[in-house]
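final.cif follows (mmCIF, C-alpha atoms (C1' of nucleotides)):
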data_model
loop_
_atom_site.label_atom_id
_atom_site.label_comp_id
_atom_site.auth_asym_id
_atom_site.auth_seq_id
_atom_site.Cartn_x
_atom_site.Cartn_y
_atom_site.Cartn_z
CA MET J 1 -30.92 73.72 259.96
CA LYS J 2 -27.31 73.33 260.95
CA TRP J 3 -25.54 70.10 261.76
CA GLU J 4 -24.97 70.74 265.43
CA ASP J 5 -28.44 72.18 266.03
CA LEU J 6 -29.71 68.63 266.01
CA SER J 7 -28.16 67.95 269.37
CA GLU J 8 -30.26 70.71 270.90
CA GLN J 9 -33.57 69.14 269.98
CA GLN J 10 -35.53 67.15 272.50
CA CYS J 11 -36.09 64.21 270.18
CA SER J 12 -33.89 61.23 270.97
CA VAL J 13 -33.54 60.29 267.33
CA ALA J 14 -32.46 63.83 266.47
CA ARG J 15 -29.87 63.84 269.21
CA SER J 16 -28.53 60.48 268.17
CA SER J 17 -28.40 61.66 264.57
CA ALA J 18 -26.22 64.56 265.60
CA VAL J 19 -23.47 62.04 266.31
CA LEU J 20 -24.29 59.25 263.90
CA GLY J 21 -25.99 60.93 260.99
CA ASP J 22 -23.44 60.72 258.23
CA ARG J 23 -21.98 58.31 255.77
CA TRP J 24 -19.11 57.23 257.98
CA SER J 25 -20.11 57.12 261.62
CA LEU J 26 -22.13 53.94 261.37
CA LEU J 27 -19.34 52.17 259.51
CA LEU J 28 -16.83 53.49 261.99
CA LEU J 29 -18.91 52.22 264.86
CA SER J 30 -19.25 48.86 263.20
CA ASP J 31 -15.47 48.65 262.87
CA PHE J 32 -15.15 49.49 266.56
CA PHE J 33 -17.34 46.51 267.39
CA LEU J 34 -15.15 44.37 265.15
CA GLY J 35 -12.15 45.33 267.26
CA VAL J 36 -10.51 48.13 265.28
CA ARG J 37 -8.85 50.81 267.41
CA ARG J 38 -6.18 52.65 265.47
CA PHE J 39 -6.41 55.69 263.23
CA ASP J 40 -4.55 54.18 260.31
CA ASP J 41 -6.52 50.94 260.52
CA PHE J 42 -9.82 52.79 260.29
CA GLN J 43 -8.49 54.82 257.42
CA ARG J 44 -7.24 51.80 255.49
CA ARG J 45 -10.31 49.67 256.09
CA LEU J 46 -12.90 52.31 255.31
CA GLY J 47 -11.03 54.34 252.71
CA LEU J 48 -12.30 57.68 253.98
CA SER J 49 -10.12 60.76 253.93
CA ARG J 50 -7.84 61.34 256.90
CA THR J 51 -9.42 64.73 257.46
CA THR J 52 -12.91 63.32 257.68
CA LEU J 53 -11.74 60.52 259.94
CA THR J 54 -10.16 63.05 262.30
CA ASN J 55 -13.40 65.05 262.39
CA ARG J 56 -15.62 62.03 262.96
CA LEU J 57 -13.47 60.67 265.77
CA LYS J 58 -13.35 64.10 267.37
CA LEU J 59 -17.13 64.40 267.20
CA MET J 60 -17.61 60.96 268.70
CA GLU J 61 -15.17 61.85 271.42
CA ASP J 62 -17.02 65.12 272.13
CA HIS J 63 -20.22 63.14 272.49
CA ASP J 64 -18.54 60.63 274.79
CA VAL J 65 -19.05 57.71 272.44
CA VAL J 66 -15.34 56.97 272.12
CA LYS J 67 -12.30 57.90 274.17
CA ARG J 68 -8.63 58.22 273.32
CA VAL J 69 -6.30 56.03 275.33
CA VAL J 70 -2.51 56.02 275.35
CA TYR J 71 -1.07 52.77 274.05
CA GLN J 72 2.57 53.83 273.72
CA HIS J 73 5.00 56.41 275.15
CA GLN J 74 7.81 58.10 273.22
CA PRO J 75 6.24 59.16 271.11
CA THR J 76 2.92 59.22 272.95
CA ARG J 77 0.34 57.57 270.75
CA TYR J 78 -3.35 57.15 271.25
CA GLU J 79 -5.87 54.63 270.11
CA TYR J 80 -9.62 54.89 270.24
CA ARG J 81 -11.95 52.79 272.36
CA LEU J 82 -15.68 52.73 272.80
CA THR J 83 -16.99 54.10 276.08
CA ALA J 84 -19.91 52.44 277.88
CA LYS J 85 -22.16 54.88 276.05
CA GLY J 86 -20.60 53.80 272.79
CA ARG J 87 -20.98 50.11 273.57
CA ASP J 88 -24.64 50.77 274.23
CA LEU J 89 -24.98 51.50 270.53
CA PHE J 90 -24.55 47.81 269.88
CA PRO J 91 -28.28 47.24 269.24
CA LEU J 92 -28.09 49.84 266.50
CA ILE J 93 -25.30 48.10 264.62
CA SER J 94 -26.88 44.75 265.27
CA ALA J 95 -30.12 46.01 263.70
CA LEU J 96 -28.23 47.31 260.69
CA LEU J 97 -26.43 43.99 260.23
CA THR J 98 -29.58 41.92 260.59
CA TRP J 99 -31.42 44.11 258.10
CA GLY J 100 -28.57 44.15 255.61
CA ASP J 101 -28.15 40.39 255.86
CA LYS J 102 -31.85 39.87 255.25
CA TYR J 103 -32.17 42.12 252.22
CA TYR J 104 -28.77 41.95 250.60
CA PHE J 105 -27.73 38.37 251.32
CA GLU J 106 -31.12 36.71 251.17
CA GLY J 107 -30.58 32.99 251.57
CA LEU J 108 -26.79 33.31 251.34
CA THR J 109 -24.29 33.09 254.14
CA PRO J 110 -23.83 36.65 255.40
CA PRO J 111 -20.24 37.98 255.43
CA ILE J 112 -20.10 38.02 259.21
CA ILE J 113 -21.49 35.24 261.36
CA ARG J 114 -22.40 36.16 264.91
CA ARG J 115 -22.27 33.88 267.90
CA HIS J 116 -23.91 34.38 271.27
CA GLN J 117 -21.06 33.54 273.64
CA THR J 118 -23.37 32.77 276.53
CA CYS J 119 -25.26 29.93 274.87
CA GLY J 120 -22.94 29.12 271.99
CA HIS J 121 -25.46 29.44 269.15
CA ASP J 122 -24.94 31.33 265.92
CA ILE J 123 -27.79 33.82 265.94
CA GLN J 124 -29.13 37.14 264.87
CA PRO J 125 -30.38 38.97 267.94
CA VAL J 126 -34.07 39.90 267.88
CA LEU J 127 -36.01 42.76 269.43
CA SER J 128 -38.36 41.65 272.18
CA CYS J 129 -40.62 42.92 274.93
CA PRO J 130 -39.02 42.87 278.41
CA GLU J 131 -42.47 42.30 279.96
CA CYS J 132 -44.05 39.54 277.91
CA HIS J 133 -40.87 38.38 276.13
CA GLU J 134 -42.52 38.21 272.73
CA ALA J 135 -40.77 39.49 269.61
CA VAL J 136 -41.86 43.01 268.70
CA ASP J 137 -42.09 44.73 265.33
CA ALA J 138 -43.29 48.09 264.01
CA ARG J 139 -46.95 47.10 264.11
CA SER J 140 -47.03 45.80 267.64
CA MET J 141 -45.66 49.03 269.08
CA ARG J 142 -47.41 52.36 269.44
CA GLY J 143 -45.81 55.64 270.47
CA ARG J 144 -47.60 58.44 272.26
CA GLU J 145 -46.54 61.88 273.33
CA ARG J 146 -45.46 62.27 276.91
CA PRO J 147 -48.20 63.96 278.98
CA ALA J 148 -47.81 67.72 279.04
CA SER J 149 -46.28 68.90 282.27
CA ALA J 150 -45.14 72.23 283.57
CA GLY J 151 -41.79 73.40 282.34
CA LEU J 152 -41.62 71.07 279.39
CA PRO J 153 -42.27 72.57 275.99
CA PRO J 154 -44.59 70.63 273.66
CA LEU J 155 -42.94 68.30 271.15
CA GLU J 156 -42.08 69.59 267.71
CA ARG J 157 -42.50 66.13 266.31
CA GLY J 158 -45.02 63.96 268.08
CA PRO J 159 -46.93 60.95 266.73
CA VAL J 160 -49.57 61.55 264.07
CA LYS J 161 -53.03 60.05 264.18
CA HIS J 162 -54.81 58.82 261.06
CA SER J 163 -58.56 58.53 260.67
CA MET Q 1 -14.90 56.75 248.05
CA LYS Q 2 -18.15 57.88 246.49
CA TRP Q 3 -21.58 57.84 248.07
CA GLU Q 4 -23.16 55.21 245.91
CA ASP Q 5 -20.09 52.94 245.93
CA LEU Q 6 -21.15 51.92 249.40
CA SER Q 7 -24.05 49.92 248.03
CA GLU Q 8 -21.63 47.78 246.04
CA GLN Q 9 -19.71 46.60 249.09
CA GLN Q 10 -20.42 43.23 250.56
CA CYS Q 11 -20.69 44.53 254.12
CA SER Q 12 -24.26 44.76 255.36
CA VAL Q 13 -23.55 47.87 257.37
CA ALA Q 14 -22.02 49.54 254.32
CA ARG Q 15 -25.01 48.70 252.19
CA SER Q 16 -27.41 49.94 254.80
CA SER Q 17 -25.36 53.12 255.17
CA ALA Q 18 -25.77 53.77 251.47
CA VAL Q 19 -29.47 54.43 252.15
CA LEU Q 20 -29.40 55.68 255.71
CA GLY Q 21 -26.05 57.32 256.12
CA ASP Q 22 -26.87 61.00 256.30
CA ARG Q 23 -28.24 63.59 258.63
CA TRP Q 24 -31.85 63.23 257.52
CA SER Q 25 -32.68 59.64 256.65
CA LEU Q 26 -32.86 58.41 260.21
CA LEU Q 27 -35.10 61.29 261.22
CA LEU Q 28 -37.22 60.76 258.16
CA LEU Q 29 -37.60 57.11 258.98
CA SER Q 30 -38.50 57.93 262.52
CA ASP Q 31 -41.24 60.27 261.27
CA PHE Q 32 -42.53 57.49 259.05
CA PHE Q 33 -42.91 55.27 262.10
CA LEU Q 34 -44.77 58.10 263.83
CA GLY Q 35 -47.29 58.11 261.00
CA VAL Q 36 -46.11 60.94 258.75
CA ARG Q 37 -46.71 60.37 255.04
CA ARG Q 38 -46.82 63.64 253.15
CA PHE Q 39 -44.08 65.71 251.59
CA ASP Q 40 -45.05 68.99 253.21
CA ASP Q 41 -45.50 67.38 256.61
CA PHE Q 42 -41.99 65.96 256.53
CA GLN Q 43 -40.66 69.27 255.38
CA ARG Q 44 -42.42 71.24 258.10
CA ARG Q 45 -41.60 68.82 260.91
CA LEU Q 46 -37.96 68.33 260.09
CA GLY Q 47 -37.11 71.72 258.63
CA LEU Q 48 -34.86 70.34 255.91
CA SER Q 49 -34.74 71.92 252.49
CA ARG Q 50 -37.31 70.78 249.94
CA THR Q 51 -34.54 69.82 247.56
CA THR Q 52 -32.86 67.57 250.06
CA LEU Q 53 -36.19 66.03 251.03
CA THR Q 54 -36.91 65.23 247.40
CA ASN Q 55 -33.50 63.58 247.02
CA ARG Q 56 -33.78 61.57 250.23
CA LEU Q 57 -37.24 60.26 249.40
CA LYS Q 58 -36.10 59.37 245.91
CA LEU Q 59 -33.12 57.48 247.28
CA MET Q 60 -35.29 55.59 249.74
CA GLU Q 61 -37.69 54.78 246.95
CA ASP Q 62 -34.85 53.52 244.74
CA HIS Q 63 -33.76 51.26 247.56
CA ASP Q 64 -37.30 50.01 248.06
CA VAL Q 65 -37.57 51.36 251.60
CA VAL Q 66 -40.55 53.58 250.81
CA LYS Q 67 -43.08 53.65 248.00
CA ARG Q 68 -45.21 56.43 246.54
CA VAL Q 69 -48.94 55.82 246.62
CA VAL Q 70 -51.70 57.90 245.08
CA TYR Q 71 -53.99 59.40 247.68
CA GLN Q 72 -55.91 61.80 245.43
CA HIS Q 73 -56.82 62.24 241.75
CA GLN Q 74 -57.15 65.55 239.89
CA PRO Q 75 -54.56 66.56 240.49
CA THR Q 76 -52.86 63.23 241.11
CA ARG Q 77 -51.00 63.43 244.37
CA TYR Q 78 -48.78 60.94 246.04
CA GLU Q 79 -47.87 60.24 249.61
CA TYR Q 80 -45.06 58.08 250.90
CA ARG Q 81 -45.40 54.83 252.79
CA LEU Q 82 -42.92 52.39 254.21
CA THR Q 83 -42.56 49.12 252.35
CA ALA Q 84 -42.11 45.84 254.24
CA LYS Q 85 -38.38 46.36 253.84
CA GLY Q 86 -38.77 49.81 255.34
CA ARG Q 87 -40.84 48.55 258.25
CA ASP Q 88 -38.08 46.05 258.95
CA LEU Q 89 -35.92 49.01 259.90
CA PHE Q 90 -37.99 49.39 263.04
CA PRO Q 91 -35.34 47.80 265.28
CA LEU Q 92 -32.93 50.44 264.09
CA ILE Q 93 -35.13 53.36 265.10
CA SER Q 94 -36.09 51.59 268.29
CA ALA Q 95 -32.41 51.23 269.17
CA LEU Q 96 -31.82 54.91 268.47
CA LEU Q 97 -34.77 55.93 270.65
CA THR Q 98 -33.77 53.68 273.53
CA TRP Q 99 -30.21 54.94 273.41
CA GLY Q 100 -31.22 58.59 273.16
CA ASP Q 101 -33.70 58.20 276.01
CA LYS Q 102 -31.04 56.62 278.19
CA TYR Q 103 -28.33 59.19 277.63
CA TYR Q 104 -30.24 62.40 277.01
CA PHE Q 105 -33.26 61.97 279.27
CA GLU Q 106 -31.64 60.04 282.08
CA GLY Q 107 -34.23 59.59 284.76
CA LEU Q 108 -36.72 61.90 283.04
CA THR Q 109 -39.81 60.95 281.12
CA PRO Q 110 -38.71 60.55 277.51
CA PRO Q 111 -40.59 62.65 274.92
CA ILE Q 112 -42.24 59.60 273.39
CA ILE Q 113 -43.63 56.76 275.44
CA ARG Q 114 -43.93 53.42 273.71
CA ARG Q 115 -46.51 50.77 274.40
CA HIS Q 116 -46.43 47.14 273.38
CA GLN Q 117 -49.94 46.66 271.99
CA THR Q 118 -49.88 42.90 272.47
CA CYS Q 119 -49.39 42.94 276.23
CA GLY Q 120 -50.34 46.51 277.04
CA HIS Q 121 -47.16 47.50 278.90
CA ASP Q 122 -45.16 50.68 278.36
CA ILE Q 123 -41.73 49.36 277.47
CA GLN Q 124 -38.48 49.87 275.67
CA PRO Q 125 -37.82 46.83 273.50
CA VAL Q 126 -34.61 44.94 274.26
CA LEU Q 127 -32.26 42.91 272.11
CA SER Q 128 -32.31 39.21 272.93
CA CYS Q 129 -31.10 35.84 271.76
CA PRO Q 130 -33.71 33.84 269.85
CA GLU Q 131 -32.18 30.58 271.13
CA CYS Q 132 -31.70 31.14 274.85
CA HIS Q 133 -33.91 34.23 275.19
CA GLU Q 134 -31.40 36.11 277.28
CA ALA Q 135 -30.70 39.78 276.71
CA VAL Q 136 -27.59 40.31 274.59
CA ASP Q 137 -25.08 43.16 274.54
CA ALA Q 138 -21.82 43.95 272.75
CA ARG Q 139 -19.74 41.76 275.04
CA SER Q 140 -21.87 38.65 274.81
CA MET Q 141 -21.67 38.55 271.02
CA ARG Q 142 -18.69 37.65 268.85
CA GLY Q 143 -18.49 38.02 265.07
CA ARG Q 144 -16.37 35.87 262.82
CA GLU Q 145 -15.69 35.95 259.13
CA ARG Q 146 -17.73 33.61 256.96
CA PRO Q 147 -15.65 30.57 255.93
CA ALA Q 148 -13.88 31.17 252.64
CA SER Q 149 -15.65 29.47 249.78
CA ALA Q 150 -15.19 29.40 246.04
CA GLY Q 151 -16.46 32.40 244.17
CA LEU Q 152 -16.63 34.67 247.17
CA PRO Q 153 -13.93 37.27 247.48
CA PRO Q 154 -12.38 37.70 250.94
CA LEU Q 155 -13.84 40.42 253.16
CA GLU Q 156 -12.33 43.87 253.04
CA ARG Q 157 -13.36 44.42 256.61
CA GLY Q 158 -13.47 41.32 258.76
CA PRO Q 159 -13.20 41.09 262.57
CA VAL Q 160 -9.86 41.92 264.17
CA LYS Q 161 -8.21 39.75 266.82
CA HIS Q 162 -6.31 41.23 269.76
CA SER Q 163 -3.60 39.45 271.73
"C1'" DT F 1 -64.68 84.72 236.78
"C1'" DC F 2 -61.18 85.57 239.47
"C1'" DA F 3 -58.30 85.97 243.58
"C1'" DG F 4 -56.46 83.02 246.88
"C1'" DG F 5 -55.37 78.44 248.68
"C1'" DT F 6 -53.33 73.72 248.54
"C1'" DT F 7 -49.64 70.36 247.62
"C1'" DA F 8 -45.65 68.43 245.54
"C1'" DG F 9 -42.36 69.50 243.61
"C1'" DT F 10 -38.12 72.32 240.64
"C1'" DC F 11 -34.50 75.95 240.05
"C1'" DC F 12 -30.51 78.41 241.30
"C1'" DA F 13 -26.87 80.97 243.61
"C1'" DT F 14 -24.48 80.35 247.87
"C1'" DA F 15 -22.58 77.84 251.81
"C1'" DA F 16 -20.93 73.80 254.04
"C1'" DA F 17 -18.75 69.37 254.07
"C1'" DG F 18 -15.90 65.75 252.10
"C1'" DT F 19 -11.76 64.29 249.08
"C1'" DG F 20 -7.01 63.05 247.88
"C1'" DG F 21 -2.55 63.79 248.19
"C1'" DA F 22 1.39 65.94 250.03
"C1'" DC F 23 3.47 67.23 254.24
"C1'" DT F 24 4.80 67.28 259.46
"C1'" DC F 25 6.42 65.66 263.85
"C1'" DA F 26 8.61 62.69 267.10
"C1'" DG F 27 10.64 58.91 267.62
"C1'" DT F 28 12.61 53.90 266.24
"C1'" DC F 29 15.32 50.51 263.55
"C1'" DC F 30 19.12 49.22 260.59
"C1'" DG O 1 22.25 59.04 258.29
"C1'" DG O 2 18.36 57.24 255.66
"C1'" DA O 3 14.22 54.83 255.66
"C1'" DC O 4 10.16 53.73 258.30
"C1'" DT O 5 6.03 54.29 261.55
"C1'" DG O 6 1.69 56.32 262.98
"C1'" DA O 7 -1.27 60.11 263.97
"C1'" DG O 8 -2.38 63.59 262.44
"C1'" DT O 9 -2.60 68.73 259.55
"C1'" DC O 10 -2.96 71.59 255.27
"C1'" DC O 11 -4.96 72.95 251.05
"C1'" DA O 12 -7.06 73.30 246.49
"C1'" DC O 13 -10.90 71.06 244.55
"C1'" DT O 14 -15.35 68.57 244.12
"C1'" DT O 15 -19.67 67.12 245.93
"C1'" DT O 16 -23.77 68.09 248.72
"C1'" DA O 17 -26.92 70.84 251.23
"C1'" DT O 18 -29.45 75.20 252.00
"C1'" DG O 19 -33.07 78.66 251.62
"C1'" DG O 20 -36.06 81.09 249.12
"C1'" DA O 21 -38.52 81.97 245.05
"C1'" DC O 22 -41.08 79.87 241.53
"C1'" DT O 23 -44.25 76.38 238.86
"C1'" DA O 24 -48.03 73.17 237.78
"C1'" DA O 25 -52.53 71.62 238.36
"C1'" DC O 26 -56.31 71.72 240.44
"C1'" DC O 27 -60.12 73.46 244.12
"C1'" DT O 28 -62.93 76.88 246.83
"C1'" DG O 29 -65.60 80.79 248.01
"C1'" DA O 30 -67.23 85.52 246.66
#
Render the structure in this file as structure tokens.
Amino acid sequence: MKWEDLSEQQCSVARSSAVLGDRWSLLLLSDFFLGVRRFDDFQRRLGLSRTTLTNRLKLMEDHDVVKRVVYQHQPTRYEYRLTAKGRDLFPLISALLTWGDKYYFEGLTPPIIRRHQTCGHDIQPVLSCPECHEAVDARSMRGRERPASAGLPPLERGPVKHS
Amino acid sequence: MKWEDLSEQQCSVARSSAVLGDRWSLLLLSDFFLGVRRFDDFQRRLGLSRTTLTNRLKLMEDHDVVKRVVYQHQPTRYEYRLTAKGRDLFPLISALLTWGDKYYFEGLTPPIIRRHQTCGHDIQPVLSCPECHEAVDARSMRGRERPASAGLPPLERGPVKHS
DNA sequence: TCAGGTTAGTCCATAAAGTGGACTCAGTCC
DNA sequence: GGACTGAGTCCACTTTATGGACTAACCTGA
């Protein structure tokens, strides 16, 4: 299967992976949330090759996750900013941070401390149910295939039942 | 920078990326949460090469995200299961699903419907603050660098301030 | 007994992607 | 005019992934 074929699948994870599924995109995204905007800053901070950085940013731009905005004329220079779609990836990076902090800095102060501006507490956001407001984890959730309906092909990769 | 060097960084996102940063790991993980356990099932469902699948599973095993368990003797055969550490990646996959559903199935029924077993509602989990219980997004959170303390090297990649 | 099936892999030649370092372009500052 | 800045491009080279055939160890039915 080719790289870009992923974005043609009907699975949401597959389509997300088409943009984010490589060594650098998640780190890049994380740097965006930390306020980085410029080509050379990304390159210096992450230490990836300039070629790869160009390709990643282009891909993210194609998928409307980031946009280029002019920050200077003569010569015209662009910086990169997250779009609304890009900012909506925040829960992803948050999950990565929380997980990394738990398993790689167990008991220690994690490298980055996060504060909820609204209430002023230092926290790690948690996943919860919008209906009953309880915390959710893998075992309290169950996925099922969308009911078959005309026009929609069956899923290649639905849930699996065990006896 | 080399692949495995990522796991030596002190950034949680970098360390997580060392295990998850490629085209297949996220999809693989998602299949795990859907109940898939066997080598051939992963291979058939995802369509990745057997070699790559072997390498990915080995990497995840090395990082204690999955474990091999015997499910049959003579011949001894193993299947793969998530460890507790692996199950803790649920928020990550949930975030990916929610995001994909929002941007690639806008208004439509997403391919997989998720139910919160505890309360019985079909939902998409949301990220919230464990202190004030409000929903959080990128703009309501602010990261800061951990205070410098003896023995700890400064961060390579801390937050960036803008004027 | 023997052909065919099952399952989790390995092997290998080829193709695709990433790397590092030099180079470009347009303009500024001294 | 020479050095500097910042966002890239170019290219030879290395690292990874791919697809398809093949193996090992057993079971099943004829």
Report, in Å to a single decimal, how far apart CA of Asp41 in chain J and CA of Glu4 in chain J are. 27.5 Å
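Between CA of Trp24 in chain Q and CA of Leu82 in chain Q there is a distance of 15.8 Å.
The coordinates place CA of Lys102 in chain Q at 16.6 Å from CA of Ala138 in chain Q.
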Please evaluate the PyMOL selection byres ((chain J) within 7 of (chain F)) against the displayed coordinates and give the resulting residues as a PDB file with C-alpha atoms, keeping the file's coordinate frame.
ATOM      1  CA  SER J  49     -10.120  60.760 253.930  1.00  0.00           C
ATOM      2  CA  THR J  52     -12.910  63.320 257.680  1.00  0.00           C
ATOM      3  CA  GLN J  74       7.810  58.100 273.220  1.00  0.00           C
ATOM      4  CA  PRO J  75       6.240  59.160 271.110  1.00  0.00           C
TER       5      PRO J  75
END
Output as CSV one row per residue of chain J within 9 Å of chain O: the closest atom pair and its distance in Å to one decimal place, counting all atoms listed in the file, sorted by chain and residue number ascending.
residue,atom,partner,partner_atom,distance
J:Met1,CA,O:DT18,C1',8.2
J:Phe39,CA,O:DA7,C1',6.8
J:Asp40,CA,O:DG6,C1',7.1
J:Arg50,CA,O:DG8,C1',8.1
J:Thr51,CA,O:DT9,C1',8.2
J:Thr54,CA,O:DG8,C1',7.8
J:Arg77,CA,O:DA7,C1',7.4
J:Tyr78,CA,O:DA7,C1',8.1
On this file, the PyMOL selection byres ((chain J) within 6 of (chain Q)) gives some set of residues; write that set as a ChimeraX atom specification. /J:12-13,16,21-23,34-35,90-92,95-97,100-101,111-117,125-129,138,140-146,159-160
Output file for the residues above (C-alpha atoms, as a PDB file, keeping the file's coordinate frame):
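What landed in again31.pdb:
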ATOM      1  CA  SER J  12     -33.890  61.230 270.970  1.00  0.00           C
ATOM      2  CA  VAL J  13     -33.540  60.290 267.330  1.00  0.00           C
ATOM      3  CA  SER J  16     -28.530  60.480 268.170  1.00  0.00           C
ATOM      4  CA  GLY J  21     -25.990  60.930 260.990  1.00  0.00           C
ATOM      5  CA  ASP J  22     -23.440  60.720 258.230  1.00  0.00           C
ATOM      6  CA  ARG J  23     -21.980  58.310 255.770  1.00  0.00           C
ATOM      7  CA  LEU J  34     -15.150  44.370 265.150  1.00  0.00           C
ATOM      8  CA  GLY J  35     -12.150  45.330 267.260  1.00  0.00           C
ATOM      9  CA  PHE J  90     -24.550  47.810 269.880  1.00  0.00           C
ATOM     10  CA  PRO J  91     -28.280  47.240 269.240  1.00  0.00           C
ATOM     11  CA  LEU J  92     -28.090  49.840 266.500  1.00  0.00           C
ATOM     12  CA  ALA J  95     -30.120  46.010 263.700  1.00  0.00           C
ATOM     13  CA  LEU J  96     -28.230  47.310 260.690  1.00  0.00           C
ATOM     14  CA  LEU J  97     -26.430  43.990 260.230  1.00  0.00           C
ATOM     15  CA  GLY J 100     -28.570  44.150 255.610  1.00  0.00           C
ATOM     16  CA  ASP J 101     -28.150  40.390 255.860  1.00  0.00           C
ATOM     17  CA  PRO J 111     -20.240  37.980 255.430  1.00  0.00           C
ATOM     18  CA  ILE J 112     -20.100  38.020 259.210  1.00  0.00           C
ATOM     19  CA  ILE J 113     -21.490  35.240 261.360  1.00  0.00           C
ATOM     20  CA  ARG J 114     -22.400  36.160 264.910  1.00  0.00           C
ATOM     21  CA  ARG J 115     -22.270  33.880 267.900  1.00  0.00           C
ATOM     22  CA  HIS J 116     -23.910  34.380 271.270  1.00  0.00           C
ATOM     23  CA  GLN J 117     -21.060  33.540 273.640  1.00  0.00           C
ATOM     24  CA  PRO J 125     -30.380  38.970 267.940  1.00  0.00           C
ATOM     25  CA  VAL J 126     -34.070  39.900 267.880  1.00  0.00           C
ATOM     26  CA  LEU J 127     -36.010  42.760 269.430  1.00  0.00           C
ATOM     27  CA  SER J 128     -38.360  41.650 272.180  1.00  0.00           C
ATOM     28  CA  CYS J 129     -40.620  42.920 274.930  1.00  0.00           C
ATOM     29  CA  ALA J 138     -43.290  48.090 264.010  1.00  0.00           C
ATOM     30  CA  SER J 140     -47.030  45.800 267.640  1.00  0.00           C
ATOM     31  CA  MET J 141     -45.660  49.030 269.080  1.00  0.00           C
ATOM     32  CA  ARG J 142     -47.410  52.360 269.440  1.00  0.00           C
ATOM     33  CA  GLY J 143     -45.810  55.640 270.470  1.00  0.00           C
ATOM     34  CA  ARG J 144     -47.600  58.440 272.260  1.00  0.00           C
ATOM     35  CA  GLU J 145     -46.540  61.880 273.330  1.00  0.00           C
ATOM     36  CA  ARG J 146     -45.460  62.270 276.910  1.00  0.00           C
ATOM     37  CA  PRO J 159     -46.930  60.950 266.730  1.00  0.00           C
ATOM     38  CA  VAL J 160     -49.570  61.550 264.070  1.00  0.00           C
TER      39      VAL J 160
END
